[in-house]
Structures are given as structure tokens and as C-alpha cells.
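Report on the structure given below.
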Amino acid sequence: MNRREALSRVAVLVGGSIVGAEFFLSGCKPGDKAAAGLPLSAEDMAYLDEIAETILPATSTPGAKDAKVGAFMNTMVTDCYEEKDQKIFLEGMGKLNAACSKMHGHDFMKATPEHRKELLTALDKEAKDYQKSKKPEDPAHYFSLMKQLTLLGFFTSEVGATKALRYIAVPGKYEGCIPYKKGDKAWAT
Amino acid sequence: MELTHRGNITQETRQKNPLITKAAGYGEDNKHFFIEDKDHPYIQEKPFDWIRGYQVGGKSLTWGRATQRWSDYEFTGPKRFGYGFDWPIRYADVAPWYSHVEKFIGVCGNKDGIDAMPDGEFLPPFELNCVEQHLKKSFLKEYGNRYLVHARWAHLTQPTQVHLDQGRGQCQARNLCMRGCPFGGYFSSNSSTLPWAAKTGNLTIRPNSVVHSIIYDEQKGKATGVRIIDAVTKTTTDYFAKIVFVNASALNSNLVLMNSVSNRFPNGLGNDSGLLGKYVCFHNYRGWMNGSIDGFEDGYTYGRNPTDAIIANYRNLKKQDTDFVGGFTTFAGAYRQRGNGDQCPEQIGATYKEAMTEAGPWHVYAYVQGETIPKESNHVRLSKTEKDQWGIPQLVTSVGYDDNDDRLLKDFFTQTEEMLTKAGVKNIDHADTKQAPGLDIHEMGGCRMGKDPKTSLLNEWNQLHHCKNVFVTDGACMTSTGNQSPSILYMTLTARAVDYAVREMKKGNL
């Protein structure tokens, strides 16, 4: 065993606080196939890019679109998700758009950045409340999956790891206690 | 960032390999160091996750690298407390050989002077981070005899000449060990012993060799070599030697011996006692704990620590002080979460993103490595009907937990929660993974050492009582499990046995 293993297990213990950990838990069922609708179209990925960009926008550092998070979500959902989670994710893409129409009267792709943020803030709260009250065997909330994949996809991407965070491929040594002040960037890994 | 799934395993891989994808450290980056399930079937009479990797260098590429020494408490525990069979050796027999191995492979650590975990020949340790330092102080203050110490791990924090001569360099703190380190920063056969052996000019590596059996000569009354089947062409070749060392990994060593039948040994080589394959044991790895701790916000780490701190066993040392027998080592540590967005007023957008690029709160984790009790009923044997693709009988595993394991686990949870609580750790959570034996990848026994040929297979030199030129020095030889990580003890017993074998050979006794 080693620390890497420990960390992934710990993430599981705390209910997947490390992004993307949730689907590591799921056992496989031989014979599962990818849900209809995967892989996603370029249009779908552009839509997911906009959702991800709303969660993690470009600021003084690159944002989710720069990290091609939409395409990453497609890869992960297609290759790594179980079928039941694929369905939740795919249905969620429709549900998010419907929620946008209901809140703002038009599709997400046509919404202003402010409207998009307002919508996703509401969905984030809805998802958190649901995840808190749900039984472990209940399905995940689609927005929790989208947000997890956004965080995972962005912060493990080259721009996310090297521009938004600090990354050193070969640290050369380990120091257990170095000073940190509020605002310093976290290590990517 | 270069991996398509950023290290994660795809459903396809998972579905084709429900067993091996469970292995510690298995990922998109290193799955080529593990078997594919379909190639290597075995029969689980009780659930047992048998983790294997058959590339040159084997599991030395993917091992955990923890290298603490056994203490005499472990060697003598089974006899003193009546829960097992006595070892034919004591700490004093192996201590100089531990030193020999540590100096060669490179082990980092701190000399802590703890009875339960003797000091070795250490390179400088990986530092404790600020929370780990706090835990260390707190445990000592609250209990007086519970020691959290620096990792003792097979990493070159400061290579010496012998390491440089092996072609290895300093550990670069990348924590990508399980991909196989290009710097030779940790010990593996590939980084260390194989290149060293190659320097002699006498090394031939014969990959794709599946050992079928050890060849026994009835007239000479000893082993004369090894029969192998080429994994690819399926052709058989015999190799001959004066001495045979069996180090196929614990259960495979059992398998090879059981499959080595002759008129003299109809039940497996050296198996007059009928105990070959019995008393298989492992380590209890079911317990995991974690929590968070406030403060320490001005402290951070540089580099990626590839080790865990260790809480030395504090149970059943001098006397039996719990309702279970045996002891446990606790691996523990603290890390600072990437991202500080949890408490951010905004959970979407620029402010949230900035918060997620900062260091977040500290978390603490601990997991158990518990002794299990060897039992005759926990055994492996050859299937009478099923064979693998090389025509070798499949292994049947019949190994399970018992009540003692449950009681040990309960005590680990109770004690660790109390220790962490006293240290100010909050939101403490625990989990019993209920994982099958084997997933610990510390399977041991089946060909145990002992003084009496009637009740053991190997003598105090890891030599088959009844076939003196065959030595078994991997996990199969283990008489009990102790609570320390076992690999370096296998290396130590191997070096000691080799020294003995060479001396015996020179005397003409082998």
C-alpha cells in the first residue's frame, strides 16, 4: 500500500469529496453497454463546454473551455461510467436545458453568462440538498456528476494544473513543512 | 494530464478484469504491470483476491515499499501467547541480514529506538508534515508509548556509492512509483538486483517462463533443476542447477512445490508432513479511518511524498492486553486538500474557481495492517480437474477471516478514533472495506519454517527438511504473519539463506 492508494480510499470513505471518486465505487456488471446517445456530438460537447465554463470560467487564468472539459466529459462518460450513470448524465443534459427555459425563458446556449450562473447556482444547491438526503443506493444527481467531471477535467488538464494551479513534474525532493499564505496556489498533485 | 482518462479505469477494463482492477495502485498508467484476469484463472473456494504481475521484475515494480523490521515480539508472539506455531529463528538471527539488505536496497527512516519496530540502516527520512508532527507529539503526550514515526520505506533519499553503482539515483519525490521509476528511486528487482546480477556476467534472464515443477532425481535424492513451459510457444525446457531457490511469490511457490511430484514425493516436493499448502495467512487490511483537522493553515508541503508515516504496534507486546491475539501496525498521515471551495459563498463561477485553486483544509487518514492467525483450514491446493493454458493444475484457494480479525479491527477503530480525537481531529469516519483476503497482497505461508520436520516444511535456513538443495525464501516460508510489512523480511531471509547455501556447497554438503 502507499499514500496514493490511501488517498483514493479516503476519498471513497468521505463520500467522494475528491472529485470523480464516486464512480470508482461502483462495481462492474459484465455485459453493460454504453447507453444510446454516446459518444456525444460536437454540438453536445460545445454545450458541456459552456456549462463547465460557467462553473470554472476564464479569469486571470484559463477556464474550463481552454481545458476542453466538454470533450473530456464525453470521454469519461462514454468510457468510464456505468450505464445507469450514463443515463443520468444524458438525461441531465436535457433537464438542465429545460430548467434554463423554465427560469429564463430560453435555451442554455442562448442565455447570458449571468443567467447561466444563476441557473447553475440553483442547480448546485438542488443537487447538494438531494445528495445529502439521498440513500446510498439512490441515483446520483446529474449536476453533481457534471460538476465533478468539470473539476476533475479542469484541474488535471495541462492548463488547469500548470496555470490555475502549481505543477512541478520533478520536484527533486520532499519538504514536509513550507510556509503557505492565503492566496498561494495549491499544488496540482 | 497526458492520460486519456487521467489515470482512471474504463468500464471495459473493469468488466474484463473484475479481479485485478481491485489491486492497490492499479490504474490507466500502469495496468501493464498486472495480469489480465482471463489469462490466469484459479478457483476461489472462499473469496480470495489473488493479485499478480508476471512481467520481468514482477510485483517488485508495484509493491508498497514499506520496509520496517520485525521485532522479537513478533517472532515470539505465537509461542508466548499460544496462538500459533513457533518460529525456528529469532530477531538476532536476522538482524545482521536486515542490515545487509537495507544497505544494498536503500531504506529511508529515522532511528526511533522503539522495541516493537527495531531501527535499521537508514538513509535520511521523508519529513513529517506539520500536522503529522502534531499527531506524533499528541500521541506521545496522551499515551506515553504510542509512536508515530517517519516512514521506513525503500527509497533513496540520499544514495550511497553502492546505489550509484547499481545505476540508481535519488528519489525525486514524484510519487509515480508504481509506473516503475526511471530514476531507480525506489527498490525494485529491475532497478537494483537484476542490474547488479548482470554485472557478474553470469546472469541469464529467461522471460515468458512458466515454472511447471522442480525436477527431483530419485537416485541422487535431490533436486536437479526446474522444468519450465514457454508462455508463448508452450514448449517445455529443463534447466539444471546444483541448488534451487523457490521465490515464485507465496502462493505460486506452493503451487510449484505441489506440482513437483515424484515417487519419493507423491504429494509435492518435501511434503512428508502433509502440511504443504496449509496455514496460509495474510494481513488484515480492512480498516480505514479519516478525519479533518482545523488550523495549520500557514503550513504546506513541497514535493510529493511517496510514503506514509507509521504508528508502531502497541498491542500485545510484553503481555496479552486485548481480547484478540497478535498486533497491528497503523499507517497514517495528513495531507492538505487541493481546493478551498467548500466554504466559499459562491459555488459556481470566478470566485469559486479562485478558491478551488488554493490549498484547502488538512485531512488525516489511517489504515491498519493487522496480524492474522495461521490455521490449518486456511489452505491452498491443486485442482484435480481444472488446468491453466499451460496444462498446470489451477490453484484452489480456501482462505478466510476469523473472529480474531474482527476483534482486532474493532480495537483498531476504537483506539485510532480515541487517539485522533485527543489530537483534535474532527469528522472522524471509519470503514470496514470487508475486502477479501489476498487484496492486501501480503499472502504468506503454506510452506512454513520450523524446527521439527513433522510439523514444518522448511528448517531454520529456509531449506526443505527433506530435499536439502531446495530453498524457499519468499512469503511461502512464513510461520506467522507478524504485523510489519513482510517484503524486506523475505529479502533478508533470502540473503541469509544464500549465504548459508554457498557455505554448504563449498563444504560439499549440497
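Starting from 1 in every chain, residues are counted up; chains themselves are A, B, ... following the order of the C-alpha cells, and ligands are numbered from 1 as listed.
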
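Residue neighbourhood of Met103 of chain A, excluding near-sequence residues (fewer than 3 positions): A:Leu96, A:Asn97, A:Ala98, A:Ala99, A:Cys100, A:His106, A:Asp107, A:Phe108, A:Ala111, A:His115, A:Arg116, A:Lys117, A:Glu118, A:Leu119, A:Leu120, A:Ala122, A:Leu123, at 12 Å, using only C-alpha atoms.
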
Within 8 Å of Pro62 of chain A, counting only C-alpha atoms, which residues qualify if same-chain residues fewer than 4 places away don't, as number ranges by chain? A: 57-58, 66-67, 159-160, 163-164

Selection file, N, CA and C atoms, as an mmCIF file, in the first residue's frame:
data_model
loop_
_atom_site.group_PDB
_atom_site.id
_atom_site.type_symbol
_atom_site.label_atom_id
_atom_site.label_comp_id
_atom_site.auth_asym_id
_atom_site.auth_seq_id
_atom_site.Cartn_x
_atom_site.Cartn_y
_atom_site.Cartn_z
ATOM 1 N N PRO A 57 -14.868 29.619 -14.934
ATOM 2 C CA PRO A 57 -14.632 30.496 -16.080
ATOM 3 C C PRO A 57 -13.166 30.936 -16.201
ATOM 4 N N ALA A 58 -12.815 31.372 -17.406
ATOM 5 C CA ALA A 58 -11.510 32.004 -17.572
ATOM 6 C C ALA A 58 -11.490 33.291 -16.756
ATOM 7 N N ASP A 66 -10.887 26.314 -22.136
ATOM 8 C CA ASP A 66 -9.486 26.198 -22.568
ATOM 9 C C ASP A 66 -8.951 24.795 -22.330
ATOM 10 N N ALA A 67 -9.512 24.133 -21.311
ATOM 11 C CA ALA A 67 -9.049 22.778 -20.979
ATOM 12 C C ALA A 67 -9.848 21.716 -21.723
ATOM 13 N N VAL A 159 -3.553 23.001 -18.793
ATOM 14 C CA VAL A 159 -3.716 24.416 -18.399
ATOM 15 C C VAL A 159 -4.180 24.539 -16.954
ATOM 16 N N GLY A 160 -5.086 23.639 -16.543
ATOM 17 C CA GLY A 160 -5.581 23.700 -15.161
ATOM 18 C C GLY A 160 -4.469 23.457 -14.157
ATOM 19 N N LYS A 163 -1.412 26.342 -15.007
ATOM 20 C CA LYS A 163 -1.721 27.781 -14.989
ATOM 21 C C LYS A 163 -2.602 28.157 -13.801
ATOM 22 N N ALA A 164 -3.677 27.390 -13.575
ATOM 23 C CA ALA A 164 -4.556 27.714 -12.450
ATOM 24 C C ALA A 164 -3.949 27.236 -11.138
#

Could you list, as a PyMOL selection string, every residue of chain B that has an atom within 6 Å of an atom of chain A, counting only C-alpha atoms? chain B and resi 1+10-11+15+24-25+64+127-130+172-174+298-303+307-308+338+348-350+353+357-359

Which residues come within 12 Å of Lys136 of chain B, counting only C-alpha atoms, excluding same-chain residues fewer than 5 positions away, as JSON, numbers by chain? {"B": [128, 129, 130, 131, 141, 142, 143, 144, 145, 146, 147, 148, 149, 150, 309, 310, 311, 312, 332, 333, 334, 419, 420, 422, 423]}

Write a file of the just-selected residues containing C-alpha atoms, as a short mmCIF file (atom, residue, chain, number, x, y, z; two decimals), in the first residue's frame.
data_model
loop_
_atom_site.label_atom_id
_atom_site.label_comp_id
_atom_site.auth_asym_id
_atom_site.auth_seq_id
_atom_site.Cartn_x
_atom_site.Cartn_y
_atom_site.Cartn_z
CA LEU B 128 6.74 14.61 8.71
CA ASN B 129 4.50 17.46 7.67
CA CYS B 130 3.24 19.93 10.25
CA VAL B 131 0.06 18.02 11.06
CA LYS B 141 1.81 13.02 25.34
CA GLU B 142 -1.53 11.21 25.70
CA TYR B 143 -0.25 7.63 25.82
CA GLY B 144 3.48 7.69 26.52
CA ASN B 145 4.11 4.59 24.40
CA ARG B 146 2.38 5.13 21.11
CA TYR B 147 4.86 6.23 18.49
CA LEU B 148 4.12 7.82 15.18
CA VAL B 149 7.38 7.76 13.27
CA HIS B 150 8.76 8.65 9.87
CA ALA B 309 4.07 7.69 8.50
CA ILE B 310 3.88 4.64 10.75
CA ILE B 311 2.36 4.11 14.19
CA ALA B 312 4.31 1.19 15.60
CA ALA B 332 -1.14 7.18 8.89
CA GLY B 333 -0.60 10.63 7.56
CA ALA B 334 -2.02 14.03 6.86
CA MET B 419 -6.08 8.93 19.53
CA LEU B 420 -7.25 11.16 16.70
CA LYS B 422 -7.46 13.60 21.55
CA ALA B 423 -5.28 15.17 18.86
#

Close residues, segment 131-139 of chain A itself excluded, 10 Å, only C-alpha atoms, min 4 positions apart in chain, as a PDB file with N, CA and C atoms, in the first residue's frame:
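Saved as selection_3.pdb:
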ATOM      1  N   GLY A  15     -17.297   9.900   0.972  1.00  0.00           N
ATOM      2  CA  GLY A  15     -18.394  10.067   0.038  1.00  0.00           C
ATOM      3  C   GLY A  15     -17.988  10.796  -1.216  1.00  0.00           C
ATOM      4  N   LYS A  84     -25.984   3.090 -15.912  1.00  0.00           N
ATOM      5  CA  LYS A  84     -27.002   3.844 -15.157  1.00  0.00           C
ATOM      6  C   LYS A  84     -26.570   5.302 -14.971  1.00  0.00           C
ATOM      7  N   ASP A  85     -25.286   5.516 -14.768  1.00  0.00           N
ATOM      8  CA  ASP A  85     -24.799   6.888 -14.612  1.00  0.00           C
ATOM      9  C   ASP A  85     -24.729   7.617 -15.958  1.00  0.00           C
ATOM     10  N   ILE A  88     -28.179   8.892 -16.418  1.00  0.00           N
ATOM     11  CA  ILE A  88     -28.428  10.074 -15.573  1.00  0.00           C
ATOM     12  C   ILE A  88     -27.784  11.307 -16.206  1.00  0.00           C
ATOM     13  N   LYS A 125     -27.302  23.950  -5.694  1.00  0.00           N
ATOM     14  CA  LYS A 125     -27.946  23.851  -4.384  1.00  0.00           C
ATOM     15  C   LYS A 125     -28.910  22.667  -4.369  1.00  0.00           C
ATOM     16  N   GLU A 126     -29.684  22.553  -5.438  1.00  0.00           N
ATOM     17  CA  GLU A 126     -30.635  21.437  -5.552  1.00  0.00           C
ATOM     18  C   GLU A 126     -29.889  20.091  -5.463  1.00  0.00           C
ATOM     19  N   ALA A 127     -28.785  19.996  -6.185  1.00  0.00           N
ATOM     20  CA  ALA A 127     -28.015  18.750  -6.204  1.00  0.00           C
ATOM     21  C   ALA A 127     -27.426  18.444  -4.828  1.00  0.00           C
ATOM     22  N   SER A 144     -24.405  16.951  -9.965  1.00  0.00           N
ATOM     23  CA  SER A 144     -23.219  16.545  -9.190  1.00  0.00           C
ATOM     24  C   SER A 144     -22.203  15.881 -10.106  1.00  0.00           C
TER      25      SER A 144
END

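Coordinates place atom CA of Asp432 of chain B at a distance of 25.7 Å from atom CA of Lys59 of chain B.
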
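For Phe89 of chain A, the residues within 8 Å (counting only C-alpha atoms, excluding itself and residues fewer than 2 positions away along the chain) are Val77, Asp85, Gln86, Lys87, Glu91, Gly92, Met93, Tyr142, Leu145 and Met146 of chain A.
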
What's the separation between atom CA of Leu149 of chain A and atom CA of Lys22 of chain B, in Å to one decimal place? 22.2 Å

Once DSSP has gone over the backbone, tell me which residues of segment 206-395 of chain B are in alpha helix (DSSP H), as a PyMOL selection string. chain B and resi 250-258+350-356

Write out as a Markdown table the residues of segment 332-424 of chain B that have any atom within 10 Å of an atom of segment 228-250 of chain B, one row each with the nearest atom pair and its distance in Å to one decimal, counting only C-alpha atoms, sorted by chain and then rising number.
| residue | atom | partner | partner_atom | distance |
| --- | --- | --- | --- | --- |
| B:Gln389 | CA | B:Lys234 | CA | 8.7 |
| B:Trp390 | CA | B:Lys234 | CA | 6.5 |
| B:Gly391 | CA | B:Lys234 | CA | 9.3 |
| B:Ile392 | CA | B:Ile229 | CA | 9.6 |

Residues from the last selection, C-alpha atoms, saved as an mmCIF file, in the first residue's frame:
data_model
loop_
_atom_site.group_PDB
_atom_site.id
_atom_site.type_symbol
_atom_site.label_atom_id
_atom_site.label_comp_id
_atom_site.auth_asym_id
_atom_site.auth_seq_id
_atom_site.Cartn_x
_atom_site.Cartn_y
_atom_site.Cartn_z
ATOM 1 C CA GLN B 389 -3.430 -22.764 -20.543
ATOM 2 C CA TRP B 390 -0.025 -24.352 -19.879
ATOM 3 C CA GLY B 391 -1.559 -27.554 -18.555
ATOM 4 C CA ILE B 392 -0.626 -26.770 -14.967
#

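With atom CA of Gly77 of chain B on one side and atom CA of Gly270 of chain B on the other, the separation reads 27.1 Å.
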